[in-house]
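*Asks:* What follows is a single structure, and I will ask about it in a moment.
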Amino acid sequence: MSDRDNRDRFLANVRNALGRETQVHGLDVPDATGLSDGQDVVGERVEMIRRDRQSNAKQLVYELLSSAEDAGWKVKLTAPTDAASYVRQIAEDAGASSVLRSEHDVLDEIGLNAEIERSSIGLRTIAAEDSGEDRKKQRTEVREEMIVADLGVTGVDYAIAETGSVAIVAGKGVR
């Protein structure tokens, strides 16, 4: 079976899952999506992107900082060891009495909890259970906490240097 046949079968499965029985005529998936490429070609492309990202890491960070500032972000480039104290300083400068944080691992890695606990600022981690009868109630309570918190802190999963955009993958404690 050809790569194109595999792609067509995949797209047919997606249409069926969405409750659409017929193909949208005239829709041509561009080669840039990788849907028409074999696994080897896609793997090579991913590796090329990874090498490019590693070789241009510093430039990409500065491009992200510039784009984020242009988008209205308050940005500071800091070492991981200083990041938590910077967040604490922001909270103190804002007069925050409560900080709500996500369960992103990066916040544990920088020692955010220990740093915030050195101040008089209250800290709570968002943690709604993924299942159970109380899920809806828990989500409502977490949303209410988000509304009244003075400051929210989260990590991001992806940052797009060209636009100063970030992406957060939804998961436990990140809703």
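Residue numbers start at 1 in each chain; chains themselves are named A, B, ... in the order of the structure tokens; ligands are numbered from 1 in the order shown.
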Mind dumping a table of every stretch 57-114 of chain A residue within 8 Å of stretch 136-151 of chain A, with the nearest atom pair and its distance in Å to one decimal, using only C-alpha atoms, sorted by chain and rising number, as JSON lines?

*Replies:*
```
{"residue": "A:Ala91", "atom": "CA", "partner": "A:Leu151", "partner_atom": "CA", "distance": 6.9}
{"residue": "A:Ala96", "atom": "CA", "partner": "A:Asp150", "partner_atom": "CA", "distance": 5.2}
{"residue": "A:Ser97", "atom": "CA", "partner": "A:Asp150", "partner_atom": "CA", "distance": 6.5}
{"residue": "A:Ser98", "atom": "CA", "partner": "A:Asp150", "partner_atom": "CA", "distance": 5.4}
{"residue": "A:Val99", "atom": "CA", "partner": "A:Leu151", "partner_atom": "CA", "distance": 4.8}
{"residue": "A:Leu100", "atom": "CA", "partner": "A:Ala149", "partner_atom": "CA", "distance": 6.2}
```

*Asks:* Which polymer residues have any atom within 9 Å of an atom of A:Leu60, counting only C-alpha atoms, with same-chain residues fewer than 3 positions away left out, as a list in words?

*Replies:*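 The neighbour list is Arg53, Asn56, Ala57, Glu63, Leu64, Leu65, Ile160, Ala161 and Glu162 of chain A.
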
*Asks:* Write out, as a tab-separated table (two decimals), in the first residue's frame, the residues just selected, with all heavy atoms.

*Replies:*
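Produced file again_5.tsv, reproduced below:
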```tsv
chain	number	residue	atom	x	y	z
A	53	ARG	N	17.60	23.73	15.77
A	53	ARG	CA	17.20	24.35	17.04
A	53	ARG	C	18.38	24.39	18.01
A	53	ARG	O	18.64	25.39	18.66
A	53	ARG	CB	16.02	23.60	17.66
A	53	ARG	CG	15.48	24.29	18.91
A	53	ARG	CD	14.60	23.41	19.72
A	53	ARG	NE	15.43	22.35	20.27
A	53	ARG	CZ	15.01	21.11	20.51
A	53	ARG	NH1	13.80	20.77	20.25
A	53	ARG	NH2	15.82	20.21	21.02
A	56	ASN	N	21.05	26.95	16.94
A	56	ASN	CA	20.58	28.34	16.98
A	56	ASN	C	19.86	28.67	18.29
A	56	ASN	O	19.10	29.64	18.34
A	56	ASN	CB	19.65	28.62	15.81
A	56	ASN	CG	20.34	28.52	14.48
A	56	ASN	OD1	21.42	29.05	14.32
A	56	ASN	ND2	19.73	27.83	13.54
A	57	ALA	N	20.09	27.89	19.33
A	57	ALA	CA	19.34	28.04	20.57
A	57	ALA	C	19.41	29.46	21.14
A	57	ALA	O	18.40	30.05	21.50
A	57	ALA	CB	19.81	27.03	21.62
A	63	GLU	N	15.23	35.89	20.06
A	63	GLU	CA	14.12	36.19	19.17
A	63	GLU	C	12.80	36.04	19.93
A	63	GLU	O	11.89	36.87	19.78
A	63	GLU	CB	14.14	35.27	17.96
A	63	GLU	CG	13.14	35.64	16.89
A	63	GLU	CD	13.29	34.81	15.63
A	63	GLU	OE1	14.38	34.27	15.37
A	63	GLU	OE2	12.30	34.73	14.88
A	64	LEU	N	12.69	35.01	20.76
A	64	LEU	CA	11.50	34.82	21.58
A	64	LEU	C	11.32	36.00	22.55
A	64	LEU	O	10.21	36.53	22.69
A	64	LEU	CB	11.57	33.51	22.36
A	64	LEU	CG	10.46	33.27	23.38
A	64	LEU	CD1	9.10	33.18	22.68
A	64	LEU	CD2	10.73	32.01	24.18
A	65	LEU	N	12.39	36.39	23.21
A	65	LEU	CA	12.30	37.51	24.15
A	65	LEU	C	11.83	38.78	23.45
A	65	LEU	O	10.97	39.50	23.96
A	65	LEU	CB	13.65	37.75	24.83
A	65	LEU	CG	14.16	36.64	25.73
A	65	LEU	CD1	15.55	36.96	26.24
A	65	LEU	CD2	13.21	36.38	26.87
A	160	ILE	N	7.07	29.73	20.70
A	160	ILE	CA	7.31	30.01	19.30
A	160	ILE	C	8.05	31.34	19.20
A	160	ILE	O	7.50	32.40	19.48
A	160	ILE	CB	6.00	30.06	18.49
A	160	ILE	CG1	5.31	28.69	18.55
A	160	ILE	CG2	6.26	30.43	17.03
A	160	ILE	CD1	4.24	28.58	19.54
A	161	ALA	N	9.33	31.26	18.86
A	161	ALA	CA	10.21	32.43	18.87
A	161	ALA	C	9.72	33.52	17.93
A	161	ALA	O	9.75	34.70	18.28
A	161	ALA	CB	11.64	32.02	18.52
A	162	GLU	N	9.26	33.15	16.76
A	162	GLU	CA	8.89	34.14	15.75
A	162	GLU	C	7.73	35.02	16.17
A	162	GLU	O	7.63	36.17	15.76
A	162	GLU	CB	8.54	33.45	14.42
A	162	GLU	CG	9.71	32.77	13.75
A	162	GLU	CD	9.98	31.36	14.28
A	162	GLU	OE1	9.26	30.88	15.18
A	162	GLU	OE2	10.93	30.73	13.80
```

*Asks:* What are the DSSP alpha helix (DSSP H) residues of stretch 14-174 of chain A, as a PyMOL selection string?

*Replies:* chain A and resi 14-17+39-55+57-70+80-93+105-109+112-117+135-148

*Asks:* Output C-alpha atoms of each residue in that selection to a file, as a PDB file, in the first residue's frame.

*Replies:*
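So part.pdb came out as:
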```pdb
ATOM      1  CA  VAL A  14     -10.662  10.924  10.928  1.00  0.00           C
ATOM      2  CA  ARG A  15     -13.722  11.958   8.884  1.00  0.00           C
ATOM      3  CA  ASN A  16     -15.643   8.940  10.191  1.00  0.00           C
ATOM      4  CA  ALA A  17     -14.665   9.743  13.780  1.00  0.00           C
ATOM      5  CA  GLN A  39       8.317   7.665   8.202  1.00  0.00           C
ATOM      6  CA  ASP A  40      11.971   7.909   7.165  1.00  0.00           C
ATOM      7  CA  VAL A  41      11.457  11.288   5.475  1.00  0.00           C
ATOM      8  CA  VAL A  42       9.524  12.662   8.444  1.00  0.00           C
ATOM      9  CA  GLY A  43      12.173  11.335  10.855  1.00  0.00           C
ATOM     10  CA  GLU A  44      14.928  13.027   8.850  1.00  0.00           C
ATOM     11  CA  ARG A  45      12.976  16.287   8.838  1.00  0.00           C
ATOM     12  CA  VAL A  46      12.456  16.114  12.611  1.00  0.00           C
ATOM     13  CA  GLU A  47      16.161  15.463  13.168  1.00  0.00           C
ATOM     14  CA  MET A  48      17.090  18.379  10.902  1.00  0.00           C
ATOM     15  CA  ILE A  49      14.789  20.691  12.891  1.00  0.00           C
ATOM     16  CA  ARG A  50      16.259  19.411  16.174  1.00  0.00           C
ATOM     17  CA  ARG A  51      19.842  20.067  15.001  1.00  0.00           C
ATOM     18  CA  ASP A  52      18.881  23.521  13.722  1.00  0.00           C
ATOM     19  CA  ARG A  53      17.205  24.352  17.035  1.00  0.00           C
ATOM     20  CA  GLN A  54      20.262  23.242  19.002  1.00  0.00           C
ATOM     21  CA  SER A  55      22.713  25.171  16.848  1.00  0.00           C
ATOM     22  CA  ALA A  57      19.336  28.045  20.572  1.00  0.00           C
ATOM     23  CA  LYS A  58      20.767  31.341  21.793  1.00  0.00           C
ATOM     24  CA  GLN A  59      19.458  33.260  18.780  1.00  0.00           C
ATOM     25  CA  LEU A  60      16.007  31.661  19.164  1.00  0.00           C
ATOM     26  CA  VAL A  61      15.854  32.636  22.851  1.00  0.00           C
ATOM     27  CA  TYR A  62      16.635  36.251  22.018  1.00  0.00           C
ATOM     28  CA  GLU A  63      14.117  36.190  19.171  1.00  0.00           C
ATOM     29  CA  LEU A  64      11.496  34.824  21.580  1.00  0.00           C
ATOM     30  CA  LEU A  65      12.302  37.512  24.149  1.00  0.00           C
ATOM     31  CA  SER A  66      12.008  40.257  21.549  1.00  0.00           C
ATOM     32  CA  SER A  67       8.746  38.901  20.118  1.00  0.00           C
ATOM     33  CA  ALA A  68       7.270  38.432  23.595  1.00  0.00           C
ATOM     34  CA  GLU A  69       8.166  42.001  24.590  1.00  0.00           C
ATOM     35  CA  ASP A  70       6.590  43.259  21.354  1.00  0.00           C
ATOM     36  CA  PRO A  80      17.122  28.680  36.366  1.00  0.00           C
ATOM     37  CA  THR A  81      18.605  29.155  39.849  1.00  0.00           C
ATOM     38  CA  ASP A  82      17.312  32.750  39.932  1.00  0.00           C
ATOM     39  CA  ALA A  83      13.916  32.209  38.291  1.00  0.00           C
ATOM     40  CA  ALA A  84      11.952  31.407  41.457  1.00  0.00           C
ATOM     41  CA  SER A  85      13.250  34.457  43.306  1.00  0.00           C
ATOM     42  CA  TYR A  86      12.285  36.594  40.301  1.00  0.00           C
ATOM     43  CA  VAL A  87       8.734  35.204  40.431  1.00  0.00           C
ATOM     44  CA  ARG A  88       8.619  35.896  44.183  1.00  0.00           C
ATOM     45  CA  GLN A  89       9.818  39.451  43.550  1.00  0.00           C
ATOM     46  CA  ILE A  90       7.075  39.971  40.961  1.00  0.00           C
ATOM     47  CA  ALA A  91       4.481  38.706  43.452  1.00  0.00           C
ATOM     48  CA  GLU A  92       5.797  40.973  46.209  1.00  0.00           C
ATOM     49  CA  ASP A  93       5.980  44.007  43.895  1.00  0.00           C
ATOM     50  CA  ASP A 105       7.526  20.188  36.351  1.00  0.00           C
ATOM     51  CA  VAL A 106       9.626  23.244  35.558  1.00  0.00           C
ATOM     52  CA  LEU A 107       8.148  25.039  38.585  1.00  0.00           C
ATOM     53  CA  ASP A 108       9.366  22.225  40.832  1.00  0.00           C
ATOM     54  CA  GLU A 109      12.757  22.228  39.100  1.00  0.00           C
ATOM     55  CA  LEU A 112       9.174  27.836  43.269  1.00  0.00           C
ATOM     56  CA  ASN A 113       7.394  26.449  46.338  1.00  0.00           C
ATOM     57  CA  ALA A 114      10.378  26.891  48.655  1.00  0.00           C
ATOM     58  CA  GLU A 115      10.985  30.420  47.369  1.00  0.00           C
ATOM     59  CA  ILE A 116       7.367  31.551  47.769  1.00  0.00           C
ATOM     60  CA  GLU A 117       7.168  29.947  51.221  1.00  0.00           C
ATOM     61  CA  ARG A 135     -14.634  16.061  38.857  1.00  0.00           C
ATOM     62  CA  LYS A 136     -17.125  18.748  37.865  1.00  0.00           C
ATOM     63  CA  LYS A 137     -17.231  20.088  41.423  1.00  0.00           C
ATOM     64  CA  GLN A 138     -13.419  20.105  41.642  1.00  0.00           C
ATOM     65  CA  ARG A 139     -13.102  21.939  38.327  1.00  0.00           C
ATOM     66  CA  THR A 140     -15.579  24.559  39.527  1.00  0.00           C
ATOM     67  CA  GLU A 141     -13.632  25.034  42.776  1.00  0.00           C
ATOM     68  CA  VAL A 142     -10.321  25.349  40.906  1.00  0.00           C
ATOM     69  CA  ARG A 143     -11.822  27.933  38.529  1.00  0.00           C
ATOM     70  CA  GLU A 144     -13.113  29.931  41.503  1.00  0.00           C
ATOM     71  CA  GLU A 145      -9.630  29.856  43.052  1.00  0.00           C
ATOM     72  CA  MET A 146      -8.159  31.069  39.770  1.00  0.00           C
ATOM     73  CA  ILE A 147     -10.519  34.019  39.724  1.00  0.00           C
ATOM     74  CA  VAL A 148      -9.573  35.223  43.203  1.00  0.00           C
TER      75      VAL A 148
END
```

*Asks:* Quick one: residues within 8 Å of A:Arg101, only C-alpha atoms, excluding same-chain residues fewer than 3 positions away - as a list of chain:residue names?

*Replies:*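 In the requested form, the answer reads A:Leu123, A:Arg124, A:Thr125, A:Ile126, A:Gly152, A:Val153, A:Thr154.
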
*Asks:* Enter the distance from atom CA of A:Thr78 to atom CA of A:Gly111, in Å, rounded to one decimal.

*Replies:* 14.1 Å
